[in-house]
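Q: Below is a structure I'd like to ask you about.
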Amino acid sequence: MSYAAPAKVKWICLPPRACESALIDLEVFKAGASRSFTVGGEMNAHDEIKQKMIMAGKILVAEGQDDFTRGHISFRLPDNPGLFFMKAHSIGLDEITMENILTIDLEGNVVAGKAKRHSEVYIHSEIFKARPDLNCVLHTHPTYATAFSAAGRPMRAYSQPAALFYNAIGTYTDTINLIRDHDMGHGVAKALGAHRTVLLKNHGAVVCGVSIEETIISVIMLENAAQIQMIVEAAGNPAPEFPIEDVMKLQHDISRPEQFVVNFDYLARRVKRREG
Ligand SMILES: [Zn+2]
């Protein structure tokens, strides 16, 4: 096939045999990525992803999702689905830089970058292996979501954010320990199933998405939903939920990719304002 690359697409520099798959990957990526992905822009796609990971980390800290240097985010390379970018070990989520982001393969091996790799890389690699439809994986220890995971209760539709997770959360119950090998990572991916969120019991949350925006906004909504449900359950005697059709309509409406982008962009502007 012949393929004329658009001007300034720096990362499509593959041999002819690879062009077809690269083009497909580009189309898949464009379909799921935010509107800020600009094929004709000055910044190349990899740098743009890294910049968004940097902002995602700052947003997560601003939202109280940090836990010392724990927590990690990754994003699959659009031109090579067998590789992903990932935050490094020993730094906070708000300390991600263009230089310390690692490139890792689906076996968890670092293929580029000098920083230390998180031992829980297998959460990411095994989910990316199992779910070719997902591009972003995030693991944090949000306070209410972690407490909610310990309660072992299903997510109820007691709030609007909760509707996003209604009948849409897996739970990993094999261990409270870190996910430090392929088998454990596979177990997390299995518990995730067809969902985009899995609670690690007594540990934290793993939230995935097609885009960074979806993933970040989802984990913030998860924490909000868990907090509200715990307040409702602590108060006792909650009134019946709305009918499932009503809840599922809301789930559909708040799952729109553009809505995640609008909310992510707002939080990014807020971070920048606070930075001065
Ligand atoms: Zn953890």
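Following the order of the structure tokens, first chain is A, next is B, and so on, with residues numbered from 1 inside each chain and ligands from 1 in the order they appear.
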Please provide as a ChimeraX atom specification all residues within 10 Å of Lys116 (chain A), with the sequence filter that same-chain residues fewer than 3 positions apart are discarded (counting only C-alpha atoms).

A: /A:87-91,100-102,110,113,119

Q: Among region 16-185 of chain A, which residues carry a DSSP assignment of strand (DSSP E or B), reported as a compact mmCIF listing (two decimals) with N, CA and C atoms, in the first residue's frame?

A:
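Result file is states39.txt:
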# COMPACT_ATOMS: atom_id res chain seq x y z
N ASP A 67 0.49 9.21 47.79
CA ASP A 67 0.82 8.45 49.00
C ASP A 67 2.34 8.28 48.97
N ARG A 70 4.40 6.43 46.24
CA ARG A 70 3.63 5.30 45.70
C ARG A 70 2.61 5.81 44.68
N HIS A 72 1.37 4.93 40.43
CA HIS A 72 2.04 5.00 39.13
C HIS A 72 1.05 5.04 37.99
N ILE A 73 1.48 5.71 36.94
CA ILE A 73 0.64 5.84 35.73
C ILE A 73 1.45 5.38 34.53
N SER A 74 0.75 4.79 33.57
CA SER A 74 1.43 4.35 32.34
C SER A 74 0.53 4.65 31.15
N PHE A 75 1.16 4.73 29.98
CA PHE A 75 0.40 4.94 28.75
C PHE A 75 1.06 4.19 27.60
N ARG A 76 0.23 3.46 26.85
CA ARG A 76 0.72 2.64 25.74
C ARG A 76 1.17 3.51 24.57
N LEU A 77 2.29 3.16 23.96
CA LEU A 77 2.76 3.93 22.81
C LEU A 77 1.82 3.71 21.62
N ASN A 80 3.48 1.69 18.90
CA ASN A 80 4.01 0.38 19.26
C ASN A 80 3.26 -0.14 20.48
N PRO A 81 2.14 -0.84 20.25
CA PRO A 81 1.27 -1.27 21.36
C PRO A 81 1.95 -2.23 22.33
N GLY A 82 3.14 -2.72 21.96
CA GLY A 82 3.88 -3.62 22.85
C GLY A 82 4.75 -2.89 23.83
N LEU A 83 4.72 -1.58 23.82
CA LEU A 83 5.51 -0.77 24.74
C LEU A 83 4.62 0.24 25.44
N PHE A 84 5.05 0.65 26.62
CA PHE A 84 4.30 1.72 27.30
C PHE A 84 5.27 2.62 28.08
N PHE A 85 4.86 3.87 28.23
CA PHE A 85 5.58 4.82 29.08
C PHE A 85 5.08 4.64 30.51
N MET A 86 5.99 4.80 31.49
CA MET A 86 5.57 4.65 32.89
C MET A 86 6.36 5.55 33.81
N LEU A 102 9.96 6.15 31.96
CA LEU A 102 10.57 4.95 31.39
C LEU A 102 9.73 4.41 30.23
N THR A 103 10.39 3.72 29.33
CA THR A 103 9.69 2.96 28.28
C THR A 103 9.87 1.48 28.62
N ILE A 104 8.77 0.76 28.68
CA ILE A 104 8.77 -0.62 29.20
C ILE A 104 8.02 -1.53 28.24
N ASP A 105 8.46 -2.80 28.14
CA ASP A 105 7.74 -3.74 27.27
C ASP A 105 6.71 -4.55 28.07
N VAL A 110 12.55 -2.76 31.16
CA VAL A 110 12.81 -1.38 30.76
C VAL A 110 13.59 -1.40 29.45
N VAL A 111 13.07 -0.74 28.43
CA VAL A 111 13.78 -0.71 27.14
C VAL A 111 14.37 0.67 26.86
N ALA A 112 13.95 1.67 27.63
CA ALA A 112 14.55 3.00 27.50
C ALA A 112 14.33 3.77 28.79
N CYS A 136 -4.27 3.41 28.95
CA CYS A 136 -3.76 4.05 30.16
C CYS A 136 -4.09 3.20 31.39
N VAL A 137 -3.11 3.01 32.26
CA VAL A 137 -3.33 2.27 33.52
C VAL A 137 -2.79 3.13 34.65
N LEU A 138 -3.57 3.24 35.71
CA LEU A 138 -3.19 4.06 36.86
C LEU A 138 -3.42 3.27 38.14
N HIS A 139 -2.44 3.32 39.04
CA HIS A 139 -2.63 2.71 40.36
C HIS A 139 -2.34 3.75 41.42
N THR A 140 -3.31 3.99 42.32
CA THR A 140 -3.11 4.89 43.45
C THR A 140 -3.72 4.26 44.70
N ILE A 169 -17.10 -2.63 38.42
CA ILE A 169 -15.85 -2.69 39.19
C ILE A 169 -15.50 -4.14 39.48
N GLY A 170 -14.23 -4.48 39.26
CA GLY A 170 -13.73 -5.78 39.68
C GLY A 170 -13.05 -5.64 41.04
N THR A 171 -12.84 -6.75 41.71
CA THR A 171 -12.13 -6.71 42.99
C THR A 171 -11.06 -7.81 43.02
N TYR A 172 -9.85 -7.40 43.34
CA TYR A 172 -8.73 -8.33 43.46
C TYR A 172 -8.55 -8.65 44.94

Q: Quick check for you: according to DSSP on this backbone, which residues of region 38-260 of chain A are classed as alpha helix (DSSP H)? Reply as a VMD selection string.

A: chain A and resid 45 to 62 121 to 130 143 to 151 160 to 163 182 to 192 212 to 235 244 to 254 257 to 260

Q: Please identify every residue of chain A that has at least one atom no farther than 10 Å from an atom of ligand 1, counting only C-alpha atoms and all ligand atoms, and for each give the shortest atom pair and the distance in Å to one decimal, arranged by chain then increasing number, as a tab-separated table.

A:
residue	atom	partner	partner_atom_place_in_ligand_line	distance
A:Asp67	CA	ligand 1	1 (Zn)	9.1
A:Arg70	CA	ligand 1	1 (Zn)	6.4
A:Gly71	CA	ligand 1	1 (Zn)	6.1
A:His72	CA	ligand 1	1 (Zn)	8.5
A:Ser119	CA	ligand 1	1 (Zn)	10.0
A:Glu120	CA	ligand 1	1 (Zn)	7.6
A:Ile123	CA	ligand 1	1 (Zn)	9.7
A:His139	CA	ligand 1	1 (Zn)	6.5
A:Thr140	CA	ligand 1	1 (Zn)	6.2
A:His141	CA	ligand 1	1 (Zn)	6.1
A:Pro142	CA	ligand 1	1 (Zn)	9.9
A:Ile176	CA	ligand 1	1 (Zn)	9.0
A:Asn177	CA	ligand 1	1 (Zn)	8.1
A:Leu178	CA	ligand 1	1 (Zn)	6.1
A:Ile179	CA	ligand 1	1 (Zn)	7.7
A:Leu200	CA	ligand 1	1 (Zn)	8.3
A:Asn202	CA	ligand 1	1 (Zn)	9.8
A:His203	CA	ligand 1	1 (Zn)	6.0
A:Gly204	CA	ligand 1	1 (Zn)	6.0
A:Ala205	CA	ligand 1	1 (Zn)	7.9
A:Val206	CA	ligand 1	1 (Zn)	8.9

Q: Counting only C-alpha atoms, which residues of region 105-214 of chain A sit at most 9 Å from some atom of region 257-272 of chain A, and what is each one's closest atom pair with its distance in Å to one decimal, listed by chain and rising residue number, as JSON lines?

A:
{"residue": "A:Val210", "atom": "CA", "partner": "A:Pro257", "partner_atom": "CA", "distance": 8.8}
{"residue": "A:Ser211", "atom": "CA", "partner": "A:Pro257", "partner_atom": "CA", "distance": 8.3}
{"residue": "A:Ile212", "atom": "CA", "partner": "A:Phe264", "partner_atom": "CA", "distance": 8.8}
{"residue": "A:Glu213", "atom": "CA", "partner": "A:Val261", "partner_atom": "CA", "distance": 5.5}
{"residue": "A:Glu214", "atom": "CA", "partner": "A:Phe260", "partner_atom": "CA", "distance": 5.1}

Q: I'd like to know which of A:Ala151, A:Val61, A:Val207, A:Ala157 is closest to His124 (chain A), using only C-alpha atoms.

A: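 Checking each candidate against His124 (chain A), we get A:Val207 as the closest.
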
Q: Quick one: everything within 10 Å of Glu107 (chain A), counting only C-alpha atoms, minus sequence neighbours fewer than 4 positions away in the same chain. Send it as a list in words.

A: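 So the residues in contact are Gly82, Leu83, Val121, Tyr122, His124, Ser125, Glu126, Lys129, Asp181 and His182 of chain A.
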
Q: CA of Gln65 (chain A) to CA of Leu106 (chain A): how many Å, to one decimal?

A: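 About the pair CA of Gln65 (chain A) and CA of Leu106 (chain A): they are 26.0 Å apart.
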